[in-house]
Amino acid sequence: MSQRIGYYPGCSGAGTSMEYDASTRAVCARLGLALQEVPDWSCCGSTPAHTVDHVLSAALSARNLELAAEAGLETVTTPCPSCLANLRVAGHKMEKEGFRNQVKALLETECASLATVKSTLQVLLEDVGPEAVKAKVVRPLSKLRVACYYGCIMNRPPEVMQFDDPEHPMSMDTLLEACGAEVLPFPLKVECCGAAAGMPRKDIVTELSGRLLDVAAGMGVDAIVTACPLCQMNLDLRQGQVNSARGTSHAIPVFYFTQLMGLAMGLSSSEMGISKLAVDPKPCLEQAGVL
Amino acid sequence: MKTISLQKPDVQFIREVRERSGQEPSHCYQCGNCTAGCPYNFAYDIPVSRIMRLLQLGRREEILQSKSLWLCATCQSCTTRCPNRIDVARVMDVLRHMAREAGYATERNVKAFGDAFLESVEKHGRVYEVGILATYVRKTGRFWTDVELAPRMLPKGKLSLKPHTIQGAEHIARIFRRYRGEPDPVAKNGGEKK
């Protein structure tokens, strides 16, 4: 645990998901994980890059894996599943020499050494573990009934991600149970929320995110817990758009898992960026006794 | 009902998809697992299993003009569940590359959003959301897109009004130029390409 771990916040961490970034850093610090930001990291290209070209996408990702390795960071962790997927796919594809050479040609570097990448969820489960999390809990989330929503690509495809179950992941469930929450079995935990279609095809996001909200509401959850900036945005910020499009009146708070972990471990709501959420989370947190 | 001629399959097309995706289209036996799990099926014009079948039949034009290619979000459901271990999402990605190269963009706004995103990365090295929105509006003329979200985001400080430019921004710009095969303006040798 004394090992330094590289940290790749991802672009949304500096903007639309700043509360995910802040709570991730604070929770890791509380649990004794020393995160070191990858120096001068750049965008992984996200979905747009791989839909245009796989070599371009890998080059944008590999630049970061190389910078991390040069800084002596063997492992890099990122909270964002889209960054995770791009960085891991790049590393995976570059095992083939022909592909690696094409990437090197775009990068103009040797790519002699590349850091490996794990999700922050994986690091918290495997390197810290639920027992150590439990030991830090001072305000258990014992009255909170939550649905853990992983999004589609945190654990898929399994050959590339190599963590947790691709159909029924349990890592977030386990960590939140360690924080005292009641985690209900959410059947849509890996269904897609509509991803980046929000701007060009809002109808797709309102349909797919609407299904997730309907099912969670039907289960009687107090909150949905996410691990992805895009999922969180679609479910939280766009919840009003979903309601308008589908004639529903959901008001379900949507937290990042690190925010709830932090609150359980006694970190303040301002440190966890609770006020950044769109759907008012206060009643739910007050009822849970963590606010 | 639309019928499809099975005469003259485009063999070159099948070969190209096979090489670029590293997948073997003939391994698909049409079980339908990919379509059953596809969250986007309700919005697709051609279901993913039928795209695989059209690919086996070498129907280049039907596939590359499909809207489905642009709507696939690479959620990996098809790839994860394929009993024959075909990376279906990767095949869809490669088909989308080929559609783009052939000049098709049947979901114009999806392409415009992706292009705006990458232009932002090329310019700053990191994503600049407000810049992406501005470019997207310029490309599509859809001024009212998500405008109702701004009052919810701006007071929370979640939308930076300034780009996050990094030291390596020029390196990123060079990656894009090399990808497009453009000469490098700063290189002494006139941007020699490998």
# chains A, B, ... in the order shown; residues from 1 in each chain; ligands from 1
call {"tool": "interface_residues", "arguments": {"of": "chain A", "to": "chain B", "cutoff": "6 Å", "atoms": "only C-alpha atoms", "output": "ChimeraX atom specification"}}
result
/A:11,15-16,42-43,48,51-52,106-107,152-153,157,200,276
call {"tool": "select_by_dssp", "arguments": {"residues": "segment 65-264 of chain A", "states": "helix (DSSP H, G or I)", "output": "ChimeraX atom specification"}}
result
/A:65-70,81-93,97-107,120-128,130-136,158-161,171-178,195-198,202-218,229-237,239-246,257-264
call {"tool": "residues_around", "arguments": {"residues": "Ala29 of chain A", "least_positions_apart": "2", "cutoff": "12 Å", "atoms": "only C-alpha atoms", "output": "PyMOL selection string"}}
result
chain A and resi 1-2+4-5+22-27+31-36+124+128+136+258+262+265+267
call {"tool": "write_last_selection", "arguments": {"atoms": "N, CA and C atoms", "output": "compact mmCIF listing (two decimals), in the first residue's frame"}}
result
# COMPACT_ATOMS: atom_id res chain seq x y z
N MET A 1 0.82 -1.22 0.00
CA MET A 1 0.00 0.00 0.00
C MET A 1 0.85 1.26 0.00
N SER A 2 2.11 1.11 0.33
CA SER A 2 2.97 2.29 0.31
C SER A 2 3.38 2.63 -1.13
N ARG A 4 3.46 3.94 -4.76
CA ARG A 4 2.84 5.08 -5.41
C ARG A 4 2.05 4.60 -6.61
N ILE A 5 0.86 5.16 -6.79
CA ILE A 5 0.05 4.81 -7.93
C ILE A 5 -0.18 6.05 -8.77
N ALA A 22 -12.57 15.02 -7.01
CA ALA A 22 -12.25 15.46 -5.65
C ALA A 22 -12.50 14.35 -4.64
N SER A 23 -13.63 13.65 -4.79
CA SER A 23 -13.94 12.60 -3.81
C SER A 23 -13.02 11.40 -3.97
N THR A 24 -12.61 11.12 -5.21
CA THR A 24 -11.67 10.01 -5.43
C THR A 24 -10.34 10.28 -4.74
N ARG A 25 -9.82 11.49 -4.95
CA ARG A 25 -8.54 11.85 -4.33
C ARG A 25 -8.63 11.79 -2.80
N ALA A 26 -9.73 12.34 -2.25
CA ALA A 26 -9.86 12.41 -0.80
C ALA A 26 -10.03 11.02 -0.18
N VAL A 27 -10.83 10.17 -0.84
CA VAL A 27 -11.06 8.82 -0.31
C VAL A 27 -9.77 8.00 -0.36
N LEU A 31 -7.56 6.41 2.75
CA LEU A 31 -7.28 4.97 2.83
C LEU A 31 -5.79 4.67 2.64
N GLY A 32 -4.98 5.72 2.61
CA GLY A 32 -3.53 5.51 2.57
C GLY A 32 -2.96 5.20 1.20
N LEU A 33 -3.72 5.51 0.15
CA LEU A 33 -3.20 5.31 -1.21
C LEU A 33 -2.57 6.61 -1.69
N ALA A 34 -1.29 6.55 -2.03
CA ALA A 34 -0.60 7.76 -2.50
C ALA A 34 -0.75 7.89 -4.01
N LEU A 35 -1.62 8.79 -4.43
CA LEU A 35 -1.84 9.00 -5.87
C LEU A 35 -0.91 10.09 -6.37
N GLN A 36 -0.33 9.82 -7.52
CA GLN A 36 0.51 10.86 -8.15
C GLN A 36 -0.01 11.09 -9.56
N LEU A 124 -9.39 0.10 -5.20
CA LEU A 124 -9.99 0.17 -3.87
C LEU A 124 -10.41 -1.21 -3.37
N VAL A 128 -6.85 -2.12 -1.41
CA VAL A 128 -7.25 -1.68 -0.06
C VAL A 128 -8.12 -2.76 0.59
N LYS A 136 -12.40 2.21 8.49
CA LYS A 136 -12.35 3.69 8.44
C LYS A 136 -13.74 4.34 8.57
N THR A 258 -17.57 7.15 -4.74
CA THR A 258 -16.54 7.72 -3.87
C THR A 258 -17.13 8.80 -2.95
N GLY A 262 -16.75 8.52 1.02
CA GLY A 262 -16.13 9.62 1.76
C GLY A 262 -17.00 10.09 2.91
N MET A 265 -16.83 7.78 5.69
CA MET A 265 -15.55 7.82 6.39
C MET A 265 -15.32 9.15 7.09
N LEU A 267 -15.60 12.29 5.89
CA LEU A 267 -15.20 13.46 5.13
C LEU A 267 -16.42 14.38 4.94
call {"tool": "closest_residue", "arguments": {"among": "A:Thr47, A:Thr120, A:Ser113, A:Ser275", "to": "Asp21 of chain A", "atoms": "only C-alpha atoms"}}
result
A:Thr120
call {"tool": "residues_around", "arguments": {"residues": "segment 188-195 of chain A", "least_positions_apart": "4", "cutoff": "7 Å", "atoms": "only C-alpha atoms", "output": "list of chain:residue names"}}
result
A:Cys148, A:Tyr149, A:Tyr150, A:Gly151, A:Cys152, A:Glu167, A:Ile204, A:Val205, A:Leu208, A:Ser209, A:Leu212, A:Leu230, A:Cys231, A:Asn234, B:Pro39, B:Ala73, B:Cys75
call {"tool": "closest_residue", "arguments": {"among": "B:Cys34, B:Ile4, B:Cys28, B:Ala150", "to": "Ile63 of chain B", "atoms": "only C-alpha atoms"}}
result
B:Ile4
call {"tool": "residues_around", "arguments": {"residues": "Arg238 of chain A", "least_positions_apart": "2", "cutoff": "9 Å", "atoms": "only C-alpha atoms", "output": "ChimeraX atom specification"}}
result
/A:198,205-206,209,233-236,240-243,278 /B:149
call {"tool": "residues_around", "arguments": {"residues": "Ala59 of chain A", "least_positions_apart": "6", "cutoff": "10 Å", "atoms": "only C-alpha atoms", "output": "list in words"}}
result
Cys44, Gly45, Ala49, Leu65, Leu87, Ala90, Met94, Arg100, Gln102, Val103, Lys104, Ala105, Leu106, Leu107, Glu108 and Cys111 of chain A; Ile172, Ile175, Phe176 and Tyr179 of chain B
call {"tool": "closest_residue", "arguments": {"among": "A:Gly273, A:Gly218, A:Pro229, A:Pro81", "to": "Ile252 of chain A", "atoms": "only C-alpha atoms"}}
result
A:Gly218
call {"tool": "residues_around", "arguments": {"residues": "Pro185 of chain A", "least_positions_apart": "6", "cutoff": "10 Å", "atoms": "only C-alpha atoms", "output": "mmCIF file with all heavy atoms, in the first residue's frame"}}
result
data_model
loop_
_atom_site.group_PDB
_atom_site.id
_atom_site.type_symbol
_atom_site.label_atom_id
_atom_site.label_comp_id
_atom_site.auth_asym_id
_atom_site.auth_seq_id
_atom_site.Cartn_x
_atom_site.Cartn_y
_atom_site.Cartn_z
ATOM 1 N N VAL A 146 -29.566 1.575 -1.765
ATOM 2 C CA VAL A 146 -29.012 2.072 -3.027
ATOM 3 C C VAL A 146 -28.969 0.987 -4.106
ATOM 4 O O VAL A 146 -28.975 -0.213 -3.806
ATOM 5 C CB VAL A 146 -27.572 2.618 -2.834
ATOM 6 C CG1 VAL A 146 -27.547 3.747 -1.826
ATOM 7 C CG2 VAL A 146 -26.606 1.511 -2.434
ATOM 8 N N ALA A 147 -28.958 1.459 -5.371
ATOM 9 C CA ALA A 147 -28.686 0.582 -6.515
ATOM 10 C C ALA A 147 -27.330 0.972 -7.061
ATOM 11 O O ALA A 147 -27.086 2.148 -7.327
ATOM 12 C CB ALA A 147 -29.761 0.772 -7.584
ATOM 13 N N CYS A 148 -26.429 -0.006 -7.197
ATOM 14 C CA CYS A 148 -25.114 0.278 -7.781
ATOM 15 C C CYS A 148 -25.196 0.100 -9.288
ATOM 16 O O CYS A 148 -25.567 -0.964 -9.780
ATOM 17 C CB CYS A 148 -24.055 -0.663 -7.200
ATOM 18 S SG CYS A 148 -23.603 -0.225 -5.520
ATOM 19 N N HIS A 168 -22.434 -9.403 -13.955
ATOM 20 C CA HIS A 168 -22.896 -9.103 -12.590
ATOM 21 C C HIS A 168 -21.739 -8.620 -11.723
ATOM 22 O O HIS A 168 -21.346 -9.310 -10.787
ATOM 23 C CB HIS A 168 -23.519 -10.350 -11.939
ATOM 24 C CG HIS A 168 -24.641 -10.937 -12.727
ATOM 25 N ND1 HIS A 168 -25.867 -10.319 -12.846
ATOM 26 C CD2 HIS A 168 -24.718 -12.065 -13.466
ATOM 27 C CE1 HIS A 168 -26.646 -11.057 -13.615
ATOM 28 N NE2 HIS A 168 -25.973 -12.108 -14.009
ATOM 29 N N MET A 170 -19.676 -6.917 -8.811
ATOM 30 C CA MET A 170 -20.049 -6.773 -7.396
ATOM 31 C C MET A 170 -19.093 -5.867 -6.620
ATOM 32 O O MET A 170 -19.292 -5.645 -5.429
ATOM 33 C CB MET A 170 -20.080 -8.157 -6.721
ATOM 34 C CG MET A 170 -21.295 -9.010 -7.076
ATOM 35 S SD MET A 170 -22.877 -8.240 -6.614
ATOM 36 C CE MET A 170 -22.806 -8.399 -4.827
ATOM 37 N N ASP A 173 -20.825 -2.848 -5.103
ATOM 38 C CA ASP A 173 -21.754 -3.357 -4.078
ATOM 39 C C ASP A 173 -20.990 -3.671 -2.798
ATOM 40 O O ASP A 173 -21.392 -3.295 -1.690
ATOM 41 C CB ASP A 173 -22.445 -4.651 -4.556
ATOM 42 C CG ASP A 173 -23.343 -4.455 -5.777
ATOM 43 O OD1 ASP A 173 -22.900 -3.826 -6.750
ATOM 44 O OD2 ASP A 173 -24.496 -4.941 -5.764
ATOM 45 N N ALA A 216 -34.962 1.474 -11.089
ATOM 46 C CA ALA A 216 -34.435 1.824 -9.758
ATOM 47 C C ALA A 216 -35.563 2.353 -8.878
ATOM 48 O O ALA A 216 -35.666 1.991 -7.697
ATOM 49 C CB ALA A 216 -33.313 2.852 -9.891
ATOM 50 N N MET A 219 -37.752 -0.301 -7.534
ATOM 51 C CA MET A 219 -37.131 -1.081 -6.452
ATOM 52 C C MET A 219 -37.214 -0.343 -5.117
ATOM 53 O O MET A 219 -36.869 -0.898 -4.077
ATOM 54 C CB MET A 219 -35.649 -1.348 -6.778
ATOM 55 C CG MET A 219 -35.439 -2.328 -7.921
ATOM 56 S SD MET A 219 -33.753 -2.187 -8.624
ATOM 57 C CE MET A 219 -32.752 -2.384 -7.161
#
call {"tool": "atom_distance", "arguments": {"atom1": "atom CA of Met18 of chain A", "atom2": "atom CA of Ile132 of chain B"}}
result
18.1 Å
